[in-house]
Amino acid sequence: MNEPRTSRPTTLAQRLAVMTQVHLPGTVGRILKQNRDIEAIAPYFKRAGLVRSYPIPVPFTLKVAGIVTNVATRPVWGGLLYASAAVRVDLTIENSAIKTTGEDSACEIDDIDYEDQSKRFQLIGIRQAYEMAAAAIRSGDRPDLILMDCPLVLNRSMVPMGDPADSPGYRRAYEEAIEGITRFWNEHQAALFPWNPQGVIVASLASERFGAIIFAAQQDLRTVEGRKHLLATEEVDDQQVQNLVESQTAIASVGARRFLQGILEKQTRTVAFRMNVKAPRMEPAVVAANGVIGLHVRAVDQNAPQLVQIIGDGPGWTRTRLDRLAGEISALTISSGKHSIPIPLLLASQATASVPSFVDAYRSDVEDHIRRRQLETDWLSGIEEFHPENE
């Protein structure tokens with residue numbers, strides 16, 4: 001009598017090999033279709049002025065400060081030890097020759113519990129970045145451009161929710177960040193562009209809201225309501241925009257990053273759009289009321305598009321001034337892969353690389369003192385001399 005056949009076990013590697021062969025044609029076909037859709041749509045964006053090229057300044061002369069934030073954490077006794085730092089590196093470019101002219105930093109190191117710790121660290125970093133920006137403006141050698149690696153304002157997801165008694169640490173960090181942002185723009189507005197035509201430009205290169213330009217393209221740009229989030233000084237061609245109305249399905253089928261990667265070539269940018277129109281509840285409200293502008297910039301083909309965020313509105317932010325800003329950022333960017341960043345941010349990032357090692361050393365000392373209880377002994381030594389019974 002024949003034994004019943006049993007299925008042979010399949011290893012993970014065998015299953016993955018089979019699945020790769022099964023799904024390969026579909027994946028390739030889907031990506032190729034999306035690329036064809038992008039190629040069909042891209043000319044409409046260029047003709048309408050939603051995507052445009054910009055020049056690289058030659059020779060290049062500029063004073064720029066790059067501000068980078070970093071945080072490192074280590075678990076200890078049911079909580080976290082953390083070190084948060086912001087580093088500013090100042091550069092001077094004269095006739096395309098670059099030299100470092102200064103460095104400054106802010107940091108804090110402490111323990112924290114697990115309550116909203118991710119957002120809390122973001123808030124601490126933003127506050128510290130603004131401290132560095134304020135110090136740069138107060139310095140005797142004021143920069144022409146300040147680049148930050150964090151958002152200039154906060155979106156509503158950062159607002160503490162629930163009972164005021166909950167998450168006191170996070171609420172305190174939020175209030176301190178709001179106070180720091182508000183104080184910076186109130187105290188230094190007269191020295192900043194666009195209020196001062198010769199003032200310092202503060203720009204953020206943050207990796208968020210990559211879908212904003214897609215949202216803009218999906219509106220009915222033939223109407224006043226549909227165009228209100230586009231900067232009027234960009235002079236978008238309303239007649240050419242009408243061709244985009246028939247492209248909504250293709251735009252919706254392509255992811256935000258792939259869409260931007262497809263429509264932006266080297267030394268091109270998107271039209272500037274008002275980020276606070278789509279998300280009007282940005283905080284601090286008094287700063288967001290001045291206008292929050294975003295545009296995507298792609299320096300070279302090897303680099304991914306970067307989202308540039310600035311504060312203000314027209315008529316100060318003209319098409320020419322935005323082109324110049326995009327050109328300056330591109331001139332500062334090193335072409336070394338899709339994660340390339342402008343040189344001042346790269347140098348500041350390298351300076352923050354030591355933060356994790358300091359947290360490691362701090363945790364070692366903390367754990368050692370906790371085990372030995374030496375600090376507690378030192379604090380309590382001689383306390384009996386002050387006890388009422390001994391008086």
# chains A, B, ... in the order shown; residues from 1 in each chain; ligands from 1

$ select_by_dssp --residues "region 114-352 of chain A" --states "helix (DSSP H, G or I)" --output "PyMOL selection string"
chain A and resi 117-138+156-158+168-191+212-217+224-227+232-234+238-252+256-263+275-278+285-288+319-332+343-352

$ write_last_selection --atoms "C-alpha atoms" --output "compact mmCIF listing (two decimals), in the first residue's frame"
# COMPACT_ATOMS: atom_id res chain seq x y z
CA GLN A 117 9.38 61.38 23.49
CA SER A 118 9.73 61.41 19.68
CA LYS A 119 7.78 64.65 19.17
CA ARG A 120 9.28 66.11 22.30
CA PHE A 121 12.77 65.73 20.86
CA GLN A 122 11.64 67.44 17.65
CA LEU A 123 10.41 70.40 19.66
CA ILE A 124 13.65 70.63 21.63
CA GLY A 125 15.64 70.54 18.38
CA ILE A 126 13.56 73.28 16.77
CA ARG A 127 13.97 75.52 19.83
CA GLN A 128 17.72 74.99 19.84
CA ALA A 129 17.94 75.65 16.09
CA TYR A 130 16.20 79.00 16.54
CA GLU A 131 18.62 79.84 19.35
CA MET A 132 21.49 79.33 16.89
CA ALA A 133 19.73 81.38 14.21
CA ALA A 134 19.19 84.27 16.63
CA ALA A 135 22.86 84.16 17.66
CA ALA A 136 23.89 84.31 13.99
CA ILE A 137 21.80 87.41 13.39
CA ARG A 138 23.14 89.13 16.49
CA ARG A 156 -1.18 70.85 14.21
CA SER A 157 0.00 67.30 14.86
CA MET A 158 2.53 68.75 17.30
CA PRO A 168 3.63 67.80 31.33
CA GLY A 169 7.11 67.40 29.87
CA TYR A 170 5.83 67.40 26.31
CA ARG A 171 3.59 70.41 26.96
CA ARG A 172 6.50 72.32 28.42
CA ALA A 173 8.66 71.49 25.39
CA TYR A 174 5.86 72.62 23.06
CA GLU A 175 5.37 75.92 24.88
CA GLU A 176 9.12 76.60 24.90
CA ALA A 177 9.35 75.88 21.16
CA ILE A 178 6.39 78.17 20.39
CA GLU A 179 7.92 80.91 22.54
CA GLY A 180 11.31 80.54 20.86
CA ILE A 181 9.89 80.68 17.32
CA THR A 182 7.67 83.66 18.11
CA ARG A 183 10.44 85.58 19.85
CA PHE A 184 12.83 85.06 16.92
CA TRP A 185 10.47 86.43 14.27
CA ASN A 186 9.26 89.29 16.49
CA GLU A 187 12.70 90.47 17.57
CA HIS A 188 14.55 90.06 14.29
CA GLN A 189 11.89 90.68 11.64
CA ALA A 190 13.41 94.04 10.67
CA ALA A 191 16.66 92.25 9.80
CA ALA A 212 1.95 69.55 -1.48
CA ILE A 213 2.65 70.30 -5.15
CA ILE A 214 0.51 67.32 -6.16
CA PHE A 215 -2.32 68.77 -4.10
CA ALA A 216 -1.81 72.04 -5.96
CA ALA A 217 -1.91 70.29 -9.33
CA VAL A 224 -9.44 82.03 -8.16
CA GLU A 225 -10.13 79.63 -5.30
CA GLY A 226 -8.01 76.92 -6.92
CA ARG A 227 -5.06 79.26 -7.50
CA ALA A 232 0.91 85.27 -7.38
CA THR A 233 4.38 86.65 -8.10
CA GLU A 234 5.27 83.33 -9.80
CA ASP A 238 -3.57 80.16 -16.56
CA GLN A 239 -4.24 79.04 -20.13
CA GLN A 240 -1.68 76.23 -20.01
CA VAL A 241 -2.92 75.14 -16.57
CA GLN A 242 -6.23 74.06 -18.11
CA ASN A 243 -4.43 71.13 -19.77
CA LEU A 244 -3.77 69.67 -16.34
CA VAL A 245 -7.47 69.21 -15.62
CA GLU A 246 -7.56 66.08 -17.79
CA SER A 247 -4.49 64.63 -16.07
CA GLN A 248 -5.96 64.10 -12.58
CA THR A 249 -6.19 60.30 -12.83
CA ALA A 250 -2.59 59.94 -13.93
CA ILE A 251 -1.36 62.28 -11.18
CA ALA A 252 -3.31 60.41 -8.51
CA ALA A 256 4.46 61.92 -4.43
CA ARG A 257 8.19 61.24 -4.48
CA ARG A 258 8.12 59.38 -7.78
CA PHE A 259 6.01 62.16 -9.29
CA LEU A 260 8.50 64.84 -8.21
CA GLN A 261 11.44 62.72 -9.31
CA GLY A 262 9.83 62.48 -12.75
CA ILE A 263 8.81 66.08 -13.41
CA MET A 275 1.72 75.80 2.68
CA ASN A 276 -0.47 77.55 5.25
CA VAL A 277 -3.42 77.65 2.83
CA LYS A 278 -3.69 73.88 2.79
CA ALA A 285 -0.30 81.42 14.40
CA VAL A 286 1.25 84.89 14.59
CA VAL A 287 4.25 83.66 12.54
CA ALA A 288 2.24 81.54 10.10
CA ARG A 319 10.01 84.81 -9.12
CA THR A 320 13.53 86.23 -9.60
CA ARG A 321 14.33 86.09 -5.87
CA LEU A 322 13.05 82.52 -5.56
CA ASP A 323 15.17 81.50 -8.57
CA ARG A 324 18.19 83.09 -6.93
CA LEU A 325 17.55 81.23 -3.65
CA ALA A 326 17.19 77.92 -5.50
CA GLY A 327 20.42 78.62 -7.38
CA GLU A 328 22.31 79.41 -4.17
CA ILE A 329 21.11 76.20 -2.51
CA SER A 330 22.09 74.18 -5.59
CA ALA A 331 25.52 75.83 -5.76
CA LEU A 332 26.10 74.79 -2.13
CA ILE A 343 27.87 71.99 2.44
CA PRO A 344 27.07 74.07 5.57
CA LEU A 345 24.48 71.50 6.66
CA LEU A 346 26.89 68.66 5.91
CA LEU A 347 29.63 70.23 8.05
CA ALA A 348 27.20 70.94 10.89
CA SER A 349 25.92 67.36 10.67
CA GLN A 350 29.46 66.02 11.02
CA ALA A 351 29.88 68.16 14.15
CA THR A 352 26.82 66.54 15.75

$ closest_residue --among "A:Glu283, A:Glu108, A:Arg36, A:Ala203" --to "Pro160 (chain A)" --atoms "only C-alpha atoms"
A:Glu283

$ closest_residue --among "A:Glu94, A:Asp166, A:Glu235, A:Asp144" --to "Gly199 (chain A)" --atoms "only C-alpha atoms"
A:Asp144

$ atom_distance --atom1 "CA of Val292 (chain A)" --atom2 "CA of Asn155 (chain A)"
11.3 Å

$ residues_around --residues "Val64 (chain A)" --least-positions-apart "2" --cutoff "7 Å" --atoms "only C-alpha atoms" --output "list of chain:residue names"
A:Leu62, A:Gly66, A:Asp90, A:Leu91, A:Thr92, A:Pro143, A:Asp144, A:Leu145, A:Ile146

$ select_by_dssp --residues "region 42-272 of chain A" --states "strand (DSSP E or B)" --output "PyMOL selection string"
chain A and resi 51-53+62-76+79-94+97-112+145-148+154+192+200-205+230+268-270

$ closest_residue --among "A:Val159, A:Ile112, A:Met19, A:Cys107" --to "Val76 (chain A)" --atoms "only C-alpha atoms"
A:Ile112

$ closest_residue --among "A:Ile38, A:Val271, A:Leu264, A:Ile293" --to "Val236 (chain A)" --atoms "only C-alpha atoms"
A:Val271

$ residues_around --residues "Arg74 (chain A)" --least-positions-apart "3" --cutoff "12 Å" --atoms "only C-alpha atoms" --output "PDB file with C-alpha atoms, in the first residue's frame"
ATOM      1  CA  VAL A  71      19.417  63.787  19.381  1.00  0.00           C
ATOM      2  CA  TRP A  77      16.253  52.304  34.591  1.00  0.00           C
ATOM      3  CA  GLY A  78      12.889  52.322  32.795  1.00  0.00           C
ATOM      4  CA  GLY A  79      13.428  55.675  31.107  1.00  0.00           C
ATOM      5  CA  LEU A  80      15.750  57.355  28.645  1.00  0.00           C
ATOM      6  CA  LEU A  81      18.867  59.438  28.865  1.00  0.00           C
ATOM      7  CA  TYR A  82      19.120  61.880  25.999  1.00  0.00           C
ATOM      8  CA  ALA A  83      21.421  64.487  24.545  1.00  0.00           C
ATOM      9  CA  ILE A 109      21.509  66.362  28.360  1.00  0.00           C
ATOM     10  CA  ASP A 110      19.063  64.868  30.848  1.00  0.00           C
ATOM     11  CA  ASP A 111      16.737  61.955  31.576  1.00  0.00           C
ATOM     12  CA  ILE A 112      13.209  61.574  30.220  1.00  0.00           C
ATOM     13  CA  ASP A 113      10.371  59.074  30.403  1.00  0.00           C
ATOM     14  CA  TYR A 114       8.678  57.556  27.380  1.00  0.00           C
ATOM     15  CA  VAL A 355      26.396  63.234  20.396  1.00  0.00           C
ATOM     16  CA  PRO A 356      25.790  59.453  20.743  1.00  0.00           C
ATOM     17  CA  SER A 357      29.227  58.847  22.284  1.00  0.00           C
ATOM     18  CA  PHE A 358      28.574  61.484  24.951  1.00  0.00           C
ATOM     19  CA  VAL A 359      25.264  59.830  25.825  1.00  0.00           C
ATOM     20  CA  ASP A 360      27.028  56.464  26.124  1.00  0.00           C
ATOM     21  CA  ALA A 361      29.566  57.924  28.537  1.00  0.00           C
ATOM     22  CA  TYR A 362      26.840  59.733  30.481  1.00  0.00           C
ATOM     23  CA  ARG A 363      24.779  56.543  30.837  1.00  0.00           C
ATOM     24  CA  SER A 364      27.825  54.656  32.076  1.00  0.00           C
ATOM     25  CA  VAL A 366      24.769  57.419  35.743  1.00  0.00           C
ATOM     26  CA  GLU A 367      24.479  53.633  36.105  1.00  0.00           C
TER      27      GLU A 367
END

$ residues_around --residues "Gln306 (chain A)" --least-positions-apart "4" --cutoff "8 Å" --atoms "only C-alpha atoms" --output "list in words"
Leu205, Ala206, Ser207, His296, Val297 and Arg298 of chain A

$ write_last_selection --atoms "C-alpha atoms" --output "PDB file, in the first residue's frame"
ATOM      1  CA  LEU A 205      15.326  72.085   4.136  1.00  0.00           C
ATOM      2  CA  ALA A 206      12.941  69.610   5.732  1.00  0.00           C
ATOM      3  CA  SER A 207      11.815  66.250   4.354  1.00  0.00           C
ATOM      4  CA  HIS A 296      10.760  71.786  -4.320  1.00  0.00           C
ATOM      5  CA  VAL A 297      14.280  72.144  -5.686  1.00  0.00           C
ATOM      6  CA  ARG A 298      16.396  69.578  -7.521  1.00  0.00           C
TER       7      ARG A 298
END

$ atom_distance --atom1 "CA of Lys228 (chain A)" --atom2 "CA of Phe273 (chain A)"
8.8 Å

$ atom_distance --atom1 "CA of Leu147 (chain A)" --atom2 "CA of Ser340 (chain A)"
14.4 Å

$ closest_residue --among "A:His23, A:Arg15, A:Lys266, A:His229" --to "Val51 (chain A)" --atoms "only C-alpha atoms"
A:Lys266
